[in-house]
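Peer 1: My file is work.pdb. It has PDB, C-alpha atoms:
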```pdb
ATOM      1  CA  MET A   1      71.367 243.085 176.240  1.00  0.00           C
ATOM      2  CA  PHE A   2      73.588 240.004 176.154  1.00  0.00           C
ATOM      3  CA  THR A   3      76.075 241.441 178.647  1.00  0.00           C
ATOM      4  CA  LEU A   4      73.586 242.754 181.194  1.00  0.00           C
ATOM      5  CA  GLY A   5      71.187 239.855 180.720  1.00  0.00           C
ATOM      6  CA  SER A   6      73.798 237.138 181.125  1.00  0.00           C
ATOM      7  CA  ILE A   7      75.488 238.745 184.108  1.00  0.00           C
ATOM      8  CA  GLY A   8      72.190 239.635 185.809  1.00  0.00           C
ATOM      9  CA  VAL A   9      70.561 236.223 185.404  1.00  0.00           C
ATOM     10  CA  GLU A  10      73.757 234.438 186.448  1.00  0.00           C
ATOM     11  CA  LYS A  11      74.162 236.548 189.585  1.00  0.00           C
ATOM     12  CA  LEU A  12      70.492 236.248 190.557  1.00  0.00           C
ATOM     13  CA  ALA A  13      70.627 232.474 190.170  1.00  0.00           C
ATOM     14  CA  LYS A  14      73.762 232.179 192.286  1.00  0.00           C
ATOM     15  CA  VAL A  15      72.458 234.561 194.956  1.00  0.00           C
ATOM     16  CA  MET A  16      69.186 232.602 195.294  1.00  0.00           C
ATOM     17  CA  LEU A  17      70.851 229.181 195.152  1.00  0.00           C
ATOM     18  CA  GLY A  18      73.101 230.225 198.055  1.00  0.00           C
ATOM     19  CA  PRO A  19      70.343 230.447 200.691  1.00  0.00           C
ATOM     20  CA  ALA A  20      68.773 227.216 199.441  1.00  0.00           C
ATOM     21  CA  ARG A  21      72.109 225.444 199.878  1.00  0.00           C
ATOM     22  CA  LEU A  22      72.496 227.081 203.287  1.00  0.00           C
ATOM     23  CA  ASP A  23      69.154 225.561 204.377  1.00  0.00           C
ATOM     24  CA  THR A  24      69.849 222.070 203.026  1.00  0.00           C
ATOM     25  CA  VAL A  25      73.591 221.662 203.669  1.00  0.00           C
ATOM     26  CA  GLY A  26      74.153 224.209 206.408  1.00  0.00           C
ATOM     27  CA  ALA A  27      76.738 226.185 204.453  1.00  0.00           C
ATOM     28  CA  TRP A  28      76.837 228.680 201.617  1.00  0.00           C
ATOM     29  CA  PRO A  29      78.194 227.160 198.380  1.00  0.00           C
ATOM     30  CA  SER A  30      81.978 227.157 198.369  1.00  0.00           C
ATOM     31  CA  THR A  31      84.004 229.215 195.952  1.00  0.00           C
ATOM     32  CA  ASN A  32      84.873 225.976 194.141  1.00  0.00           C
ATOM     33  CA  THR A  33      81.181 225.137 193.781  1.00  0.00           C
ATOM     34  CA  MET A  34      80.388 228.600 192.460  1.00  0.00           C
ATOM     35  CA  GLN A  35      83.287 228.352 190.004  1.00  0.00           C
ATOM     36  CA  ARG A  36      82.108 224.902 188.867  1.00  0.00           C
ATOM     37  CA  TRP A  37      78.669 226.383 188.209  1.00  0.00           C
ATOM     38  CA  GLY A  38      80.534 228.904 186.063  1.00  0.00           C
ATOM     39  CA  HIS A  39      78.696 230.949 183.460  1.00  0.00           C
ATOM     40  CA  ASP A  40      76.384 228.137 182.351  1.00  0.00           C
ATOM     41  CA  ILE A  41      73.181 230.118 182.725  1.00  0.00           C
ATOM     42  CA  ASP A  42      71.101 227.254 181.322  1.00  0.00           C
ATOM     43  CA  GLY A  43      72.393 224.991 184.077  1.00  0.00           C
ATOM     44  CA  LEU A  44      72.027 227.630 186.786  1.00  0.00           C
ATOM     45  CA  VAL A  45      68.450 228.465 185.800  1.00  0.00           C
ATOM     46  CA  ALA A  46      67.572 224.757 185.637  1.00  0.00           C
ATOM     47  CA  ARG A  47      69.099 224.229 189.104  1.00  0.00           C
ATOM     48  CA  LEU A  48      67.203 227.256 190.419  1.00  0.00           C
ATOM     49  CA  PHE A  49      63.955 225.976 188.934  1.00  0.00           C
ATOM     50  CA  VAL A  50      64.422 222.457 190.391  1.00  0.00           C
ATOM     51  CA  THR A  51      65.193 224.020 193.774  1.00  0.00           C
ATOM     52  CA  ALA A  52      61.999 226.085 193.651  1.00  0.00           C
ATOM     53  CA  GLU A  53      59.925 223.059 192.592  1.00  0.00           C
ATOM     54  CA  THR A  54      61.456 220.875 195.302  1.00  0.00           C
ATOM     55  CA  ASN A  55      60.902 223.473 198.028  1.00  0.00           C
ATOM     56  CA  HIS A  56      57.511 224.807 196.946  1.00  0.00           C
ATOM     57  CA  PRO A  57      55.595 222.492 199.356  1.00  0.00           C
ATOM     58  CA  ALA A  58      57.192 224.498 202.195  1.00  0.00           C
ATOM     59  CA  ALA A  59      56.215 227.847 200.655  1.00  0.00           C
ATOM     60  CA  VAL A  60      54.108 230.334 202.577  1.00  0.00           C
ATOM     61  CA  ALA A  61      51.342 229.933 199.968  1.00  0.00           C
ATOM     62  CA  THR A  62      51.890 226.642 198.097  1.00  0.00           C
ATOM     63  CA  GLY A  63      49.188 227.268 195.489  1.00  0.00           C
ATOM     64  CA  TYR A  64      50.609 230.673 194.627  1.00  0.00           C
ATOM     65  CA  ALA A  65      54.155 229.275 194.435  1.00  0.00           C
ATOM     66  CA  ALA A  66      52.930 226.478 192.148  1.00  0.00           C
ATOM     67  CA  GLU A  67      51.219 229.084 189.940  1.00  0.00           C
ATOM     68  CA  MET A  68      54.471 231.063 189.695  1.00  0.00           C
ATOM     69  CA  ILE A  69      56.436 227.909 188.825  1.00  0.00           C
ATOM     70  CA  SER A  70      53.879 227.003 186.150  1.00  0.00           C
ATOM     71  CA  ARG A  71      54.130 230.449 184.575  1.00  0.00           C
ATOM     72  CA  ILE A  72      57.854 229.987 184.045  1.00  0.00           C
ATOM     73  CA  ARG A  73      57.569 226.331 183.018  1.00  0.00           C
ATOM     74  CA  ASP A  74      54.978 227.234 180.352  1.00  0.00           C
ATOM     75  CA  SER A  75      57.055 229.973 178.725  1.00  0.00           C
ATOM     76  CA  THR A  76      58.292 229.080 175.264  1.00  0.00           C
ATOM     77  CA  VAL A  77      60.455 232.198 175.000  1.00  0.00           C
ATOM     78  CA  LEU A  78      62.534 231.755 178.163  1.00  0.00           C
ATOM     79  CA  PRO A  79      64.336 228.469 177.274  1.00  0.00           C
ATOM     80  CA  PRO A  80      65.922 229.809 174.062  1.00  0.00           C
ATOM     81  CA  LEU A  81      66.577 233.144 175.803  1.00  0.00           C
ATOM     82  CA  PHE A  82      68.473 231.397 178.610  1.00  0.00           C
ATOM     83  CA  ALA A  83      70.325 229.269 176.019  1.00  0.00           C
ATOM     84  CA  THR A  84      71.383 232.509 174.324  1.00  0.00           C
ATOM     85  CA  LEU A  85      72.514 234.100 177.582  1.00  0.00           C
ATOM     86  CA  SER A  86      74.308 230.892 178.540  1.00  0.00           C
ATOM     87  CA  ARG A  87      76.171 230.765 175.251  1.00  0.00           C
ATOM     88  CA  TYR A  88      77.074 234.418 175.629  1.00  0.00           C
ATOM     89  CA  GLY A  89      78.130 233.966 179.263  1.00  0.00           C
ATOM     90  CA  ARG A  90      80.410 231.066 178.387  1.00  0.00           C
ATOM     91  CA  SER A  91      81.902 232.354 175.164  1.00  0.00           C
ATOM     92  CA  GLY A  92      80.169 235.363 173.688  1.00  0.00           C
ATOM     93  CA  ARG A  93      81.872 238.066 175.659  1.00  0.00           C
ATOM     94  CA  PHE A  94      85.019 237.109 173.790  1.00  0.00           C
ATOM     95  CA  HIS A  95      83.710 235.137 170.799  1.00  0.00           C
ATOM     96  CA  TYR A  96      83.828 237.946 168.278  1.00  0.00           C
ATOM     97  CA  LEU A  97      87.053 239.409 169.688  1.00  0.00           C
ATOM     98  CA  ASN A  98      88.721 236.019 169.232  1.00  0.00           C
ATOM     99  CA  VAL A  99      87.432 235.825 165.667  1.00  0.00           C
ATOM    100  CA  LEU A 100      88.796 239.306 164.924  1.00  0.00           C
ATOM    101  CA  ALA A 101      92.117 238.771 166.695  1.00  0.00           C
ATOM    102  CA  ASN A 102      93.098 235.343 165.407  1.00  0.00           C
ATOM    103  CA  ASP A 103      90.201 233.908 163.375  1.00  0.00           C
ATOM    104  CA  ASP A 104      89.569 231.407 166.192  1.00  0.00           C
ATOM    105  CA  ARG A 105      85.861 230.692 166.555  1.00  0.00           C
ATOM    106  CA  GLY A 106      86.427 228.668 169.740  1.00  0.00           C
ATOM    107  CA  GLU A 107      84.376 225.668 170.794  1.00  0.00           C
ATOM    108  CA  PHE A 108      80.985 227.405 170.990  1.00  0.00           C
ATOM    109  CA  ASP A 109      78.630 228.664 168.303  1.00  0.00           C
ATOM    110  CA  PRO A 110      78.125 232.420 168.059  1.00  0.00           C
ATOM    111  CA  PRO A 111      75.512 233.729 170.535  1.00  0.00           C
ATOM    112  CA  LEU A 112      73.754 235.469 167.648  1.00  0.00           C
ATOM    113  CA  ASP A 113      72.691 232.072 166.260  1.00  0.00           C
ATOM    114  CA  TYR A 114      70.912 231.416 169.551  1.00  0.00           C
ATOM    115  CA  TRP A 115      69.343 234.869 169.558  1.00  0.00           C
ATOM    116  CA  ARG A 116      67.750 234.090 166.203  1.00  0.00           C
ATOM    117  CA  GLU A 117      66.021 231.125 167.871  1.00  0.00           C
ATOM    118  CA  VAL A 118      64.676 233.453 170.591  1.00  0.00           C
ATOM    119  CA  GLU A 119      63.281 235.745 167.921  1.00  0.00           C
ATOM    120  CA  HIS A 120      61.828 232.820 165.963  1.00  0.00           C
ATOM    121  CA  GLU A 121      60.070 231.424 169.043  1.00  0.00           C
ATOM    122  CA  THR A 122      58.746 234.854 169.969  1.00  0.00           C
ATOM    123  CA  ILE A 123      57.451 235.419 166.446  1.00  0.00           C
ATOM    124  CA  SER A 124      55.690 232.040 166.607  1.00  0.00           C
ATOM    125  CA  THR A 125      54.210 232.956 170.000  1.00  0.00           C
ATOM    126  CA  LEU A 126      52.868 236.170 168.482  1.00  0.00           C
ATOM    127  CA  GLY A 127      51.260 234.278 165.593  1.00  0.00           C
ATOM    128  CA  GLY A 128      53.825 234.931 162.865  1.00  0.00           C
ATOM    129  CA  TYR A 129      54.595 237.986 160.810  1.00  0.00           C
ATOM    130  CA  PRO A 130      51.791 240.428 160.098  1.00  0.00           C
ATOM    131  CA  GLY A 131      51.235 242.161 156.736  1.00  0.00           C
ATOM    132  CA  ASP A 132      54.090 243.006 154.458  1.00  0.00           C
ATOM    133  CA  THR A 133      54.420 246.775 154.653  1.00  0.00           C
ATOM    134  CA  GLY A 134      57.538 248.255 156.156  1.00  0.00           C
ATOM    135  CA  GLU A 135      55.510 250.072 158.801  1.00  0.00           C
ATOM    136  CA  GLU A 136      53.704 246.875 159.863  1.00  0.00           C
ATOM    137  CA  LEU A 137      57.012 245.040 160.096  1.00  0.00           C
ATOM    138  CA  ASP A 138      58.583 247.830 162.161  1.00  0.00           C
ATOM    139  CA  HIS A 139      55.673 247.768 164.625  1.00  0.00           C
ATOM    140  CA  PHE A 140      55.830 243.998 164.779  1.00  0.00           C
ATOM    141  CA  LEU A 141      59.572 243.962 165.510  1.00  0.00           C
ATOM    142  CA  VAL A 142      58.952 246.350 168.407  1.00  0.00           C
ATOM    143  CA  ARG A 143      56.345 243.842 169.691  1.00  0.00           C
ATOM    144  CA  VAL A 144      58.904 241.025 169.382  1.00  0.00           C
ATOM    145  CA  SER A 145      61.494 242.956 171.417  1.00  0.00           C
ATOM    146  CA  THR A 146      58.884 244.011 173.974  1.00  0.00           C
ATOM    147  CA  THR A 147      57.689 240.414 174.373  1.00  0.00           C
ATOM    148  CA  ILE A 148      61.211 239.106 174.945  1.00  0.00           C
ATOM    149  CA  ALA A 149      61.928 241.840 177.515  1.00  0.00           C
ATOM    150  CA  HIS A 150      58.573 241.165 179.188  1.00  0.00           C
ATOM    151  CA  GLU A 151      59.310 237.442 179.537  1.00  0.00           C
ATOM    152  CA  LEU A 152      62.636 238.184 181.211  1.00  0.00           C
ATOM    153  CA  ASP A 153      60.895 240.685 183.497  1.00  0.00           C
ATOM    154  CA  VAL A 154      58.282 238.054 184.392  1.00  0.00           C
ATOM    155  CA  TRP A 155      61.037 235.540 185.208  1.00  0.00           C
ATOM    156  CA  TRP A 156      62.742 238.093 187.454  1.00  0.00           C
ATOM    157  CA  PHE A 157      59.449 238.868 189.216  1.00  0.00           C
ATOM    158  CA  VAL A 158      58.694 235.168 189.680  1.00  0.00           C
ATOM    159  CA  MET A 159      62.137 234.582 191.230  1.00  0.00           C
ATOM    160  CA  HIS A 160      61.365 237.447 193.614  1.00  0.00           C
ATOM    161  CA  ARG A 161      57.972 235.934 194.505  1.00  0.00           C
ATOM    162  CA  LEU A 162      59.369 232.404 194.913  1.00  0.00           C
ATOM    163  CA  GLY A 163      62.098 233.844 197.111  1.00  0.00           C
ATOM    164  CA  VAL A 164      59.724 235.647 199.465  1.00  0.00           C
ATOM    165  CA  GLN A 165      57.510 232.551 199.509  1.00  0.00           C
ATOM    166  CA  GLY A 166      60.417 230.548 200.950  1.00  0.00           C
ATOM    167  CA  CYS A 167      61.276 228.376 197.949  1.00  0.00           C
ATOM    168  CA  PHE A 168      64.959 229.245 198.417  1.00  0.00           C
ATOM    169  CA  GLY A 169      65.107 228.932 202.194  1.00  0.00           C
ATOM    170  CA  GLU A 170      64.731 231.325 205.098  1.00  0.00           C
ATOM    171  CA  LEU A 171      67.465 233.698 203.965  1.00  0.00           C
ATOM    172  CA  GLY A 172      65.953 233.496 200.476  1.00  0.00           C
ATOM    173  CA  LYS A 173      62.780 235.091 201.879  1.00  0.00           C
ATOM    174  CA  LYS A 174      64.779 238.184 202.791  1.00  0.00           C
ATOM    175  CA  LEU A 175      66.845 238.226 199.604  1.00  0.00           C
ATOM    176  CA  GLY A 176      63.679 237.815 197.555  1.00  0.00           C
ATOM    177  CA  TRP A 177      62.570 241.274 198.699  1.00  0.00           C
ATOM    178  CA  MET A 178      65.897 242.725 197.596  1.00  0.00           C
ATOM    179  CA  ILE A 179      65.679 241.604 193.968  1.00  0.00           C
ATOM    180  CA  TRP A 180      62.490 243.463 193.090  1.00  0.00           C
ATOM    181  CA  LYS A 181      62.142 247.196 193.623  1.00  0.00           C
ATOM    182  CA  ASP A 182      59.377 247.962 196.096  1.00  0.00           C
ATOM    183  CA  GLY A 183      56.428 249.549 194.313  1.00  0.00           C
ATOM    184  CA  ARG A 184      57.511 248.315 190.879  1.00  0.00           C
ATOM    185  CA  ALA A 185      54.587 247.045 188.815  1.00  0.00           C
ATOM    186  CA  ASN A 186      53.808 243.330 188.671  1.00  0.00           C
ATOM    187  CA  PRO A 187      54.520 242.281 185.061  1.00  0.00           C
ATOM    188  CA  LEU A 188      51.990 239.448 185.352  1.00  0.00           C
ATOM    189  CA  GLN A 189      49.204 242.013 185.594  1.00  0.00           C
ATOM    190  CA  ARG A 190      49.721 243.733 182.274  1.00  0.00           C
TER     191      ARG A 190
END
```
Would you write the structure of this file as structure tokens?
Peer 2:
Amino acid sequence: MFTLGSIGVEKLAKVMLGPARLDTVGAWPSTNTMQRWGHDIDGLVARLFVTAETNHPAAVATGYAAEMISRIRDSTVLPPLFATLSRYGRSGRFHYLNVLANDDRGEFDPPLDYWREVEHETISTLGGYPGDTGEELDHFLVRVSTTIAHELDVWWFVMHRLGVQGCFGELGKKLGWMIWKDGRANPLQR
């Protein structure tokens, strides 16, 4: 989950920030700019969100775009999830290998510490732990995982919708259609 999540969110953010930069500056972000953005998923998602908020007055349907932005802004699960993916993107891919190879923990905390915060926030969102039987706990942990996956799916869908609405520029309208499979269910309608 960490590998695919961090790479996927990072790439989506960079792909959608490109057309926005193309519209405002007249050029795609340079290789140096992309490298400076690095694997800081927190920063990339924040930049993507600010871009969408800034450009939403030019959206095809401004009210709808504002509703999509609010849905993401109001999520309590996404911020710690993106912090986890950011930590993993910047250090986690190698964190545990470095620990095993030379006992060097590096400059970043383990991504697993951040994942615990995601789980804690999700558990709070779901109203805390249910009863104390093993079966109840097992069912609840499935709900926790499903909720986290659903929030990431919602974010992905919202980026698609903000793209096609024009929040990431004219090219972003076209790319927005390419990041969500045609016919795939809207996760906001579950």
Peer 1: Can you list, as a VMD selection string, the residues that the PyMOL selection byres ((chain A and resi 120-126) around 12) selects here?
Peer 2: chain A and resid 74 to 81 113 to 119 127 to 130 137 140 to 151
Peer 1: How would you write, as a PyMOL selection string, the residues chosen by the PyMOL selection byres ((chain A and resi 30-40) around 6) on this structure?
Peer 2: chain A and resi 29+41-43+86+89-90
Peer 1: Quote the spacing between atom CA of A:Glu53 and atom CA of A:Lys173 in Å to one decimal place.
Peer 2: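 Calculated distance between atom CA of A:Glu53 and atom CA of A:Lys173 is 15.5 Å.
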Peer 1: Could you tell me how far atom CA of A:Phe168 sits from atom CA of A:Lys11, in Å to one decimal place?
Peer 2: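 Atom CA of A:Phe168 lies 14.7 Å from atom CA of A:Lys11.
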Peer 1: Counting all atoms listed in the file, figure out which residue out of A:Leu171, A:Ala20, A:Met68, A:Leu112 gets nearest to A:Phe157.
Peer 2: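 Nearest candidate to A:Phe157 out of A:Leu171, A:Ala20, A:Met68, A:Leu112: A:Met68.
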Peer 1: Could you write out as JSON the box around stretch 79-83 of chain A (axis-aligned, all atoms listed in the file, 5 Å on each side), with centre and edge lengths in Å to one decimal?
Peer 2:
```
{"center_x": 67.3, "center_y": 230.8, "center_z": 176.3, "size_x": 16.0, "size_y": 14.7, "size_z": 14.5}
```
Peer 1: Nearest residue to A:Ser6 out of A:Arg184, A:Arg87, A:Arg190, A:His160, using only C-alpha atoms?
Peer 2: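 Among the listed residues, A:Arg87 lies closest to A:Ser6.
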Peer 1: Any chance you could work out the residue set of the PyMOL selection byres ((chain A and resi 9) around 9) here, as a JSON list (two decimals) with C-alpha atoms, keeping the file's coordinate frame?
Peer 2:
```
[["chain", "number", "residue", "atom", "x", "y", "z"],
["A", 4, "LEU", "CA", 73.59, 242.75, 181.19],
["A", 5, "GLY", "CA", 71.19, 239.86, 180.72],
["A", 6, "SER", "CA", 73.80, 237.14, 181.12],
["A", 7, "ILE", "CA", 75.49, 238.74, 184.11],
["A", 8, "GLY", "CA", 72.19, 239.64, 185.81],
["A", 10, "GLU", "CA", 73.76, 234.44, 186.45],
["A", 11, "LYS", "CA", 74.16, 236.55, 189.58],
["A", 12, "LEU", "CA", 70.49, 236.25, 190.56],
["A", 13, "ALA", "CA", 70.63, 232.47, 190.17],
["A", 14, "LYS", "CA", 73.76, 232.18, 192.29],
["A", 41, "ILE", "CA", 73.18, 230.12, 182.72],
["A", 44, "LEU", "CA", 72.03, 227.63, 186.79],
["A", 45, "VAL", "CA", 68.45, 228.46, 185.80],
["A", 82, "PHE", "CA", 68.47, 231.40, 178.61],
["A", 85, "LEU", "CA", 72.51, 234.10, 177.58],
["A", 156, "TRP", "CA", 62.74, 238.09, 187.45]]
```
Peer 1: Kindly give the distance, in Å, that separates atom CA of A:Leu175 and atom CA of A:Val50, rounded to a single decimal.
Peer 2: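 Computed distance, atom CA of A:Leu175 to atom CA of A:Val50, equals 18.4 Å.
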Peer 1: Give the answer as one residue: which of A:Ala46, A:Ala27, A:Leu162, A:Leu22 has the shortest atom-to-atom distance to A:Arg73, using all atoms listed in the file?
Peer 2: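 Among the listed residues, the smallest separation from A:Arg73 belongs to A:Ala46.
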Peer 1: Could you check the closest approach to A:Ala65 for each of A:Gly131, A:Gly166, A:Gly172, A:Gly26 and tell me which residue wins, using only C-alpha atoms?
Peer 2: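 Closest residue, counting only C-alpha atoms: A:Gly166.
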Peer 1: With all atoms listed in the file as the basis for distance, which of A:Ile72, A:Val60, A:Leu48, A:Ala185 is at the shortest distance from A:Val15?
Peer 2: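 Counting all atoms listed in the file, the residue closest to A:Val15 is A:Leu48.
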Peer 1: Pick from A:Ala66, A:Val154, A:Ala83, A:Cys167: nearest to A:Thr24, with only C-alpha atoms counted?
Peer 2: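 Comparing A:Ala66, A:Val154, A:Ala83, A:Cys167 against A:Thr24, the winner is A:Cys167.
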